[in-house]
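The next block holds one structure in the form of structure tokens; read it before the comments.
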Amino acid sequence: VQLWLPISNDAEHDPYNVEVNRARFLENVYRRVSALPGVEQASIDGNDTLPMNSGRNYSPFTLDGQPHASEGGPTADIAVVDMRYFRTIGIPLLSGRNFTEADTDQTQTVAVIDQTLARRYWPNSDPVGVHIHFGFGAGLKGVTIIGVVGDVKSDGFEFPNVPHIYVPMGQFAPVNAVVFLRSQVGVGNLGESVRHEVEQIDPNIPVHSVSTMDQVIYRSMADRRFSLQLLAIFATVALLLAAIGVYGVMSYSFAQRTHELGIRVALGAQRLDILRMALGEGMRVVLIGLLSGLVGAAIVTRVFQSMLFQVPASDPATFISVSAILTAVALLACYLPARRATRVDPILALRNE
């Protein structure tokens, strides 16, 4: 469950202008919400850390000893998180260590980076222990990398991973925050409980935008889902037209061979022989069409690669299932006309000719 907690830092006498007060408030919120019934895990993080949210806090960065970062240099998304964030979201720690309670404003400033950033700028070495700077002008920050974590999709499944630099909330208390809760409790009940706990600390802090992570992902995929639904409708209509076409062609073909089938039956051909012949001839045509279609699909699916996530363009399961459906439709289209043709009286077939 995600909750947005805007904390104003613009009022002249607002206590949250002081970073230590913001950190203390957020820690109090964590202690209260993590004790709620049904809450398994909880964390409080900066508002730009929500996966699939397309929120951005881009900042240029440089290695220690290099000239200060500029707008044309490398950039990363700066995310303020607490030490429980990675465990709550389910992001694996790949190397180094996680943040701890010891990482405060009185100790060395540290950061954790994601795998995308590590691969891009340290492909052949371990970045743990490297000192980097990020920010602009007077806001320039220097941190030491202490760990590497897995990647998170920020913009959507179809977009490449965005490089992240995570900094601890104990050293960079954010102005805005999000509460992440892992729980089996309904989102409505849990949202009201969290709102009540925040009001007990400070009734002036608004709590809103309560939703589950599934809802966040669902909204982020709305455009793609609409496009795929239209594509599915067109594909279903195309499959129906193909089935009607195959059935019509096969039915007409066997209707034109009534005289031939009558002669075959009169000469002793069994109904099973007629069916076998019909299915064999029909399936030869179907197989040629399937092979041609598979080759064409393997080429055309490259166009839809950007709409897929963790599914290759030439997904074997999809190709096999679609081929099986079309083969079953073709078999039925071959069998029904052939079965009807075998029931024709050979005398009537010869007399009609």
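Labels for the structure tokens follow display order: chains A, B, ..., residues from 1 in each chain, ligands from 1.
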
**Prompt:** Contacts of stretch 57-62 of chain A at 6 Å or less, counting only C-alpha atoms, minus same-chain residues fewer than 6 places along, as an MDAnalysis selection string?
**Reply:** chainID A and resid 69 74:78 132:135

Open item on the list: Let's see if you can do this: from backbone DSSP, list all strand (DSSP E) residues in stretch 54-237 of chain A, as a ChimeraX atom specification.
Closed with: /A:58-63,75-81,93-96,110-114,131-134,141-149,164-168,176-183,208-211

Written file, previous selection with C-alpha atoms, as a PDB file, in the first residue's frame:
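Heads up, here's the output in part23.pdb:
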```
ATOM      1  CA  TYR A  58      17.562  13.414 -12.042  1.00  0.00           C
ATOM      2  CA  SER A  59      20.967  14.691 -11.060  1.00  0.00           C
ATOM      3  CA  PRO A  60      24.336  14.700 -12.819  1.00  0.00           C
ATOM      4  CA  PHE A  61      27.161  12.916 -11.006  1.00  0.00           C
ATOM      5  CA  THR A  62      30.918  12.481 -11.306  1.00  0.00           C
ATOM      6  CA  LEU A  63      33.606  10.292  -9.803  1.00  0.00           C
ATOM      7  CA  THR A  75      22.937  11.436 -14.773  1.00  0.00           C
ATOM      8  CA  ALA A  76      21.089   9.180 -12.355  1.00  0.00           C
ATOM      9  CA  ASP A  77      17.797   9.250 -10.497  1.00  0.00           C
ATOM     10  CA  ILE A  78      18.443  10.167  -6.842  1.00  0.00           C
ATOM     11  CA  ALA A  79      16.104   8.286  -4.490  1.00  0.00           C
ATOM     12  CA  VAL A  80      15.896   8.851  -0.727  1.00  0.00           C
ATOM     13  CA  VAL A  81      15.001   5.590   1.033  1.00  0.00           C
ATOM     14  CA  LEU A  93      21.082  -6.793  -2.512  1.00  0.00           C
ATOM     15  CA  LEU A  94      23.709  -7.963  -5.023  1.00  0.00           C
ATOM     16  CA  SER A  95      26.906  -6.818  -3.339  1.00  0.00           C
ATOM     17  CA  GLY A  96      28.103  -4.693  -0.439  1.00  0.00           C
ATOM     18  CA  VAL A 110      26.856   6.812   1.740  1.00  0.00           C
ATOM     19  CA  ALA A 111      24.829   5.548  -1.205  1.00  0.00           C
ATOM     20  CA  VAL A 112      23.625   2.333  -2.808  1.00  0.00           C
ATOM     21  CA  ILE A 113      23.418   2.122  -6.603  1.00  0.00           C
ATOM     22  CA  ASP A 114      21.421  -0.192  -8.843  1.00  0.00           C
ATOM     23  CA  HIS A 131      33.380   8.014  -4.005  1.00  0.00           C
ATOM     24  CA  ILE A 132      31.030  10.031  -6.251  1.00  0.00           C
ATOM     25  CA  HIS A 133      29.496  13.515  -6.296  1.00  0.00           C
ATOM     26  CA  PHE A 134      25.993  14.468  -7.437  1.00  0.00           C
ATOM     27  CA  LYS A 141      26.825  16.075  -2.383  1.00  0.00           C
ATOM     28  CA  GLY A 142      29.653  13.606  -2.004  1.00  0.00           C
ATOM     29  CA  VAL A 143      28.863   9.991  -1.112  1.00  0.00           C
ATOM     30  CA  THR A 144      30.641   6.652  -0.916  1.00  0.00           C
ATOM     31  CA  ILE A 145      29.035   3.660  -2.643  1.00  0.00           C
ATOM     32  CA  ILE A 146      28.449   0.870  -0.110  1.00  0.00           C
ATOM     33  CA  GLY A 147      26.279  -1.561  -2.085  1.00  0.00           C
ATOM     34  CA  VAL A 148      24.650  -2.596  -5.357  1.00  0.00           C
ATOM     35  CA  VAL A 149      20.993  -3.666  -5.627  1.00  0.00           C
ATOM     36  CA  HIS A 164      19.440   4.953  -9.616  1.00  0.00           C
ATOM     37  CA  ILE A 165      21.506   6.276  -6.737  1.00  0.00           C
ATOM     38  CA  TYR A 166      19.824   5.495  -3.398  1.00  0.00           C
ATOM     39  CA  VAL A 167      20.754   7.596  -0.370  1.00  0.00           C
ATOM     40  CA  PRO A 168      19.673   6.927   3.251  1.00  0.00           C
ATOM     41  CA  ASN A 176       7.822  14.531   0.656  1.00  0.00           C
ATOM     42  CA  ALA A 177       7.482  10.860   1.480  1.00  0.00           C
ATOM     43  CA  VAL A 178       5.657   7.644   0.668  1.00  0.00           C
ATOM     44  CA  VAL A 179       4.722   4.883   3.089  1.00  0.00           C
ATOM     45  CA  PHE A 180       5.061   1.364   1.675  1.00  0.00           C
ATOM     46  CA  LEU A 181       3.253  -1.417   3.482  1.00  0.00           C
ATOM     47  CA  ARG A 182       3.288  -5.128   2.745  1.00  0.00           C
ATOM     48  CA  SER A 183       0.058  -6.561   4.143  1.00  0.00           C
ATOM     49  CA  HIS A 208      -4.002  10.691   0.446  1.00  0.00           C
ATOM     50  CA  SER A 209      -3.532   8.657  -2.786  1.00  0.00           C
ATOM     51  CA  VAL A 210      -3.971   5.322  -1.074  1.00  0.00           C
ATOM     52  CA  SER A 211      -3.586   2.413  -3.509  1.00  0.00           C
TER      53      SER A 211
END
```

Correct to one decimal, the distance atom CA of A:Ala269-atom CA of A:Val249 is 23.9 Å

Quick check for you: according to DSSP on this backbone, which residues of stretch 26-163 of chain A are classed as helix (DSSP H, G or I)? Reply as a ChimeraX atom specification. /A:26-34,85-89,115-121,137-139

Just the residues within 8 Å of stretch 191-202 of chain A, please, counting only C-alpha atoms, with nothing from its chain fewer than 5 positions along; format it as a PyMOL selection string. chain A and resi 1+3+25+28-29+32-33+36+207+210

Dump as an mmCIF file, in the first residue's frame, selection limited to C-alpha atoms:
```
data_model
loop_
_atom_site.group_PDB
_atom_site.id
_atom_site.type_symbol
_atom_site.label_atom_id
_atom_site.label_comp_id
_atom_site.auth_asym_id
_atom_site.auth_seq_id
_atom_site.Cartn_x
_atom_site.Cartn_y
_atom_site.Cartn_z
ATOM 1 C CA VAL A 1 0.000 0.000 0.000
ATOM 2 C CA LEU A 3 0.602 6.691 0.822
ATOM 3 C CA PHE A 25 8.555 12.751 12.097
ATOM 4 C CA ASN A 28 7.575 8.177 14.263
ATOM 5 C CA VAL A 29 5.225 7.417 11.376
ATOM 6 C CA ARG A 32 3.216 3.553 14.366
ATOM 7 C CA VAL A 33 2.224 2.073 11.002
ATOM 8 C CA LEU A 36 -0.695 -1.894 12.847
ATOM 9 C CA VAL A 207 -2.547 11.629 3.823
ATOM 10 C CA VAL A 210 -3.971 5.322 -1.074
#
```

A:Asn161 proximity check over A:Thr88, A:Asn98, A:Thr107, A:Thr116, using only C-alpha atoms: winner is A:Thr116

If you count only C-alpha atoms, the residue of A:Leu336, A:Ile263, A:Val175, A:Leu228 closest to A:Leu275 turns out to be A:Leu336

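As for atom CA of A:Phe99 and atom CA of A:Phe86, they are spaced 9.6 Å apart.
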
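Taking atom CA of A:Leu279 and atom CA of A:Tyr335 as endpoints, the distance between them is 6.4 Å.
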
- prompt: A:Leu287: which residues within 12 Å, counting only C-alpha atoms, same-chain residues fewer than 3 positions away excluded, as an MDAnalysis selection string?
  reply: chainID A and resid 279:284 290:294 323:324 326:328 330:331

Checklist line | Close residues, A:Arg24 itself excluded, 10 Å, only C-alpha atoms, min 5 positions apart in chain, as an MDAnalysis selection string | finding: chainID A and resid 16 19 29:30 170 173

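The smallest atom-to-atom distance between A:Met213 and any of A:Ile233, A:Leu50, A:Val295, A:Val128, using only C-alpha atoms, is found for A:Leu50.
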